[in-house]
Amino acid sequence: MSAVLFKNGNLLDPTQPELQEGYDVLVEDGLIKEVSDKPISAASARIIDATGKTVMPGLIDLHGHVMATQLNLSSQGALPDALVMMRAVPIMAAMLRRGFTTLRDAGGAGWGLKCAVEENTIVGPRLFISGRALSQTGGHGDPRQRSDHLRPMSYCGCCFRAGDIGRVVDGVDNLRRAVREEFQMGADQIKIMASGGVASPTDPIAAYGYSEEEIAAIVAEARGRQTYVMAHSYTAEAIERAVRNGVRTIEHGNLIDEPVARLMAEKGAYVVPTLVTYEALANEGASYGLPADSVAKIATVRTAGLASLELYKRAGVKMGFGSDLLGPSQRLQSDEFRIRAEVLPNFDVLQSATVIGAEILNMQGKLGQLIPGAIADVLVVDGDPYNDINCLLGQGDHIPLVMKAGQIYHDELAA
């Protein structure tokens, strides 16, 4: 892998609230070798003139679904495996083009897809996978419509379709086995449903999801593998139950209240809001086949989203960046920046997609910063994201260069 030297760029260090002007960044063997405000010499390196441009770390999305190739998840599991996989390929390539070099998949992506990215068989962000999300019967991961006959859902780990985002499992013993199966199949962390949801057909938003005994068993199994549990959860009551039983990251979290936010801060729990998905579902969900009962749930959580960001900030809860988009709405991924910037400083918003994301992934010093020894995920941006977050929006329109692990995947700066 050839060396690359970025010359005279404006360095975005997400631990500092302003750009650092006139920095050189040297990349060797897929890592950041040197960062300096003095000229760096590297005779064999390709030189990229970054004068007047921002040089920043690659972005981290902590809540995506690359296998969610349509908005109506209830019918996705019936699609042919090959069709779902082929639809996922351009979704992943588009994420990388937008500058997202790392994605924590929140349900659906498996070990094979992660390997395909790592060996460059397909182009996309590096994946931290959850396998199939775990849902109780009638919960957010149960796609079955209401009926007078409830068809069985498999509890085993051997009968999945590529379009299955989750699996239905009930009871402590069954859940322990399911968690172990997901780890055996390559999961990096475990995703559970700890409240009702929008896109699922039969669970109210305020439903609790798993019992406290079930949550505690899942957390214990994850800790035994030196990793953690992320929980889909909306209401303060559901979030409190999850955090008290050891869940590390709360996904969405729109309907939080101040006492539970303070509890999260005390426990060191994180939240990953996903506000852009509610905007997408409200504006185009019905036209892309989202069922009417799901459309009706959107308003409940959408209106509380921005207020929740302010509440988390006051309580001192660290916020990661998430998008949670489905199907054709995945193109709106970067709009999460725009929505958050309505109530948070750009500095906070950028931290959520860099250093806080790395912290949640237990990749501090490796992802989210351009420092010696870090993985060389580098973006060159036209504009200053601290002053105008819009330069990160769209489909990478203002990002002329995207590097992941030292390899350049998009390059408009070649001489």
# chains A, B, ... in the order shown; residues from 1 in each chain; ligands from 1
>>> residues_around(residues="Ala78 (chain A)", least_positions_apart="6", cutoff="10 Å", atoms="only C-alpha atoms", output="list in words")
Val84, Arg161, Ala162, Gly163 and Asp164 of chain A
>>> closest_atom_pairs(of="region 305-406 of chain A", to="region 228-250 of chain A", cutoff="10 Å", atoms="only C-alpha atoms", output="Markdown table")
| residue | atom | partner | partner_atom | distance |
| --- | --- | --- | --- | --- |
| A:Lys318 | CA | A:Thr249 | CA | 9.8 |
| A:Met319 | CA | A:Thr249 | CA | 9.4 |
| A:Gly320 | CA | A:Thr249 | CA | 9.1 |
| A:Ile360 | CA | A:Thr249 | CA | 8.0 |
| A:Leu361 | CA | A:Tyr228 | CA | 9.6 |
>>> closest_residue(among="A:Leu306, A:Leu325, A:Met56, A:Leu311", to="Thr15 (chain A)", atoms="only C-alpha atoms")
A:Met56
>>> closest_residue(among="A:Ala414, A:Ala187, A:Ile371, A:Val349", to="Leu31 (chain A)", atoms="only C-alpha atoms")
A:Ile371
>>> select_by_dssp(residues="region 357-395 of chain A", states="alpha helix (DSSP H)", output="list in words")
Gly357, Ala358, Glu359 and Ile360 of chain A
>>> atom_distance(atom1="CA of Leu263 (chain A)", atom2="CA of Tyr312 (chain A)")
10.8 Å
>>> closest_residue(among="A:Asp257, A:Glu21, A:Asp384, A:Asp324", to="Phe347 (chain A)", atoms="only C-alpha atoms")
A:Asp384
>>> residues_around(residues="Gln70 (chain A)", least_positions_apart="4", cutoff="8 Å", atoms="only C-alpha atoms", output="JSON, numbers by chain")
{"A": [76, 288, 326, 327, 328]}
>>> residues_around(residues="His252 (chain A)", least_positions_apart="6", cutoff="6 Å", atoms="only C-alpha atoms", output="list in words")
Val272, Pro273 and Thr274 of chain A
>>> residues_around(residues="Gln333 (chain A)", least_positions_apart="3", cutoff="10 Å", atoms="only C-alpha atoms", output="CSV table (one decimal) with N, CA and C atoms, in the first residue's frame")
chain,number,residue,atom,x,y,z
A,61,ASP,N,-21.3,6.0,11.5
A,61,ASP,CA,-22.7,5.9,11.7
A,61,ASP,C,-22.9,4.7,12.6
A,64,GLY,N,-27.2,1.8,11.4
A,64,GLY,CA,-27.7,1.7,10.0
A,64,GLY,C,-28.1,0.3,9.8
A,94,ALA,N,-22.7,3.7,-1.5
A,94,ALA,CA,-23.1,5.1,-1.4
A,94,ALA,C,-22.8,5.7,0.0
A,95,MET,N,-22.9,4.8,1.1
A,95,MET,CA,-22.5,5.3,2.4
A,95,MET,C,-21.0,5.7,2.4
A,98,ARG,N,-20.4,9.0,0.8
A,98,ARG,CA,-20.8,10.2,1.6
A,98,ARG,C,-19.8,10.4,2.8
A,100,PHE,N,-18.8,8.1,5.1
A,100,PHE,CA,-19.0,7.2,6.3
A,100,PHE,C,-18.1,6.0,6.1
A,274,THR,N,-31.7,9.0,16.2
A,274,THR,CA,-31.8,8.7,14.7
A,274,THR,C,-32.9,9.5,14.1
A,276,VAL,N,-33.3,11.5,11.6
A,276,VAL,CA,-33.6,11.6,10.1
A,276,VAL,C,-34.5,10.6,9.7
A,277,THR,N,-34.6,9.4,10.3
A,277,THR,CA,-35.5,8.4,9.9
A,277,THR,C,-36.9,8.8,10.0
A,280,ALA,N,-37.8,11.0,7.2
A,280,ALA,CA,-38.0,10.2,6.0
A,280,ALA,C,-39.3,9.5,6.0
A,322,GLY,N,-26.5,8.4,14.5
A,322,GLY,CA,-27.2,7.3,13.9
A,322,GLY,C,-28.1,7.8,12.8
A,323,SER,N,-28.5,6.9,11.9
A,323,SER,CA,-29.4,7.3,10.8
A,323,SER,C,-30.7,6.4,10.8
A,324,ASP,N,-30.5,5.1,10.8
A,324,ASP,CA,-31.6,4.1,10.9
A,324,ASP,C,-32.5,4.2,9.7
A,325,LEU,N,-32.0,4.6,8.5
A,325,LEU,CA,-32.8,4.7,7.3
A,325,LEU,C,-33.1,3.3,6.6
A,326,LEU,N,-34.2,3.3,5.9
A,326,LEU,CA,-34.6,2.0,5.2
A,326,LEU,C,-34.7,2.2,3.7
A,329,SER,N,-34.8,5.5,1.2
A,329,SER,CA,-34.5,6.7,2.1
A,329,SER,C,-33.1,6.7,2.6
A,330,GLN,N,-32.3,5.6,2.4
A,330,GLN,CA,-30.9,5.6,2.8
A,330,GLN,C,-30.1,6.8,2.2
A,336,GLU,N,-28.9,13.8,8.9
A,336,GLU,CA,-28.9,13.7,10.3
A,336,GLU,C,-28.1,14.9,10.9
A,337,PHE,N,-27.0,15.2,10.2
A,337,PHE,CA,-26.2,16.4,10.6
A,337,PHE,C,-27.0,17.7,10.6
A,393,LEU,N,-23.4,17.4,3.6
A,393,LEU,CA,-24.7,16.8,3.2
A,393,LEU,C,-24.7,16.3,1.8
A,394,GLY,N,-25.8,15.7,1.4
A,394,GLY,CA,-25.9,15.2,0.0
A,394,GLY,C,-25.2,13.9,-0.1
A,395,GLN,N,-24.7,13.6,-1.3
A,395,GLN,CA,-24.1,12.3,-1.6
A,395,GLN,C,-22.6,12.4,-1.7
>>> residues_around(residues="region 104-110 of chain A", least_positions_apart="2", cutoff="6 Å", atoms="only C-alpha atoms", output="count of residues only")
15
>>> residues_around(residues="Asn120 (chain A)", least_positions_apart="5", cutoff="12 Å", atoms="only C-alpha atoms", output="list of chain:residue names")
A:Val89, A:Ala93, A:Leu113, A:Lys114, A:Cys115, A:Pro125, A:Arg126, A:Lys404, A:Ala405, A:Gln407, A:Tyr409
>>> closest_residue(among="A:Ser308, A:Gln136, A:Gln369, A:Thr54", to="Ile356 (chain A)", atoms="only C-alpha atoms")
A:Gln369
>>> select_by_dssp(residues="region 347-414 of chain A", states="strand (DSSP E)", output="mmCIF file with N, CA and C atoms, in the first residue's frame")
data_model
loop_
_atom_site.group_PDB
_atom_site.id
_atom_site.type_symbol
_atom_site.label_atom_id
_atom_site.label_comp_id
_atom_site.auth_asym_id
_atom_site.auth_seq_id
_atom_site.Cartn_x
_atom_site.Cartn_y
_atom_site.Cartn_z
ATOM 1 N N VAL A 378 -9.645 9.014 6.069
ATOM 2 C CA VAL A 378 -9.413 10.443 5.856
ATOM 3 C C VAL A 378 -10.388 10.974 4.817
ATOM 4 N N LEU A 379 -10.998 12.116 5.122
ATOM 5 C CA LEU A 379 -11.829 12.829 4.157
ATOM 6 C C LEU A 379 -11.180 14.174 3.855
ATOM 7 N N VAL A 380 -11.254 14.584 2.592
ATOM 8 C CA VAL A 380 -10.929 15.950 2.212
ATOM 9 C C VAL A 380 -12.239 16.623 1.832
ATOM 10 N N VAL A 381 -12.514 17.758 2.475
ATOM 11 C CA VAL A 381 -13.819 18.413 2.360
ATOM 12 C C VAL A 381 -13.648 19.838 1.854
ATOM 13 N N LEU A 401 -12.429 13.681 -1.767
ATOM 14 C CA LEU A 401 -11.568 12.508 -1.560
ATOM 15 C C LEU A 401 -12.048 11.741 -0.327
ATOM 16 N N VAL A 402 -12.166 10.419 -0.492
ATOM 17 C CA VAL A 402 -12.525 9.521 0.599
ATOM 18 C C VAL A 402 -11.480 8.417 0.682
ATOM 19 N N MET A 403 -10.824 8.308 1.823
ATOM 20 C CA MET A 403 -9.836 7.255 2.085
ATOM 21 C C MET A 403 -10.316 6.411 3.251
ATOM 22 N N LYS A 404 -10.217 5.106 3.127
ATOM 23 C CA LYS A 404 -10.515 4.185 4.225
ATOM 24 C C LYS A 404 -9.347 3.249 4.402
ATOM 25 N N GLN A 407 -6.552 3.346 1.814
ATOM 26 C CA GLN A 407 -6.904 3.159 0.410
ATOM 27 C C GLN A 407 -7.892 4.234 -0.020
ATOM 28 N N ILE A 408 -7.626 4.868 -1.141
ATOM 29 C CA ILE A 408 -8.491 5.915 -1.655
ATOM 30 C C ILE A 408 -9.583 5.291 -2.512
ATOM 31 N N TYR A 409 -10.838 5.567 -2.138
ATOM 32 C CA TYR A 409 -11.986 4.993 -2.840
ATOM 33 C C TYR A 409 -12.678 6.015 -3.757
ATOM 34 N N HIS A 410 -12.495 7.277 -3.478
ATOM 35 C CA HIS A 410 -13.025 8.324 -4.354
ATOM 36 C C HIS A 410 -12.009 9.446 -4.403
ATOM 37 N N ASP A 411 -11.682 9.898 -5.615
ATOM 38 C CA ASP A 411 -10.586 10.855 -5.744
ATOM 39 C C ASP A 411 -10.862 11.828 -6.877
#
>>> atom_distance(atom1="CA of Tyr210 (chain A)", atom2="CA of Gln226 (chain A)")
22.0 Å
>>> closest_residue(among="A:Gly357, A:Gly305, A:Gly30, A:Pro345", to="Pro385 (chain A)", atoms="only C-alpha atoms")
A:Pro345
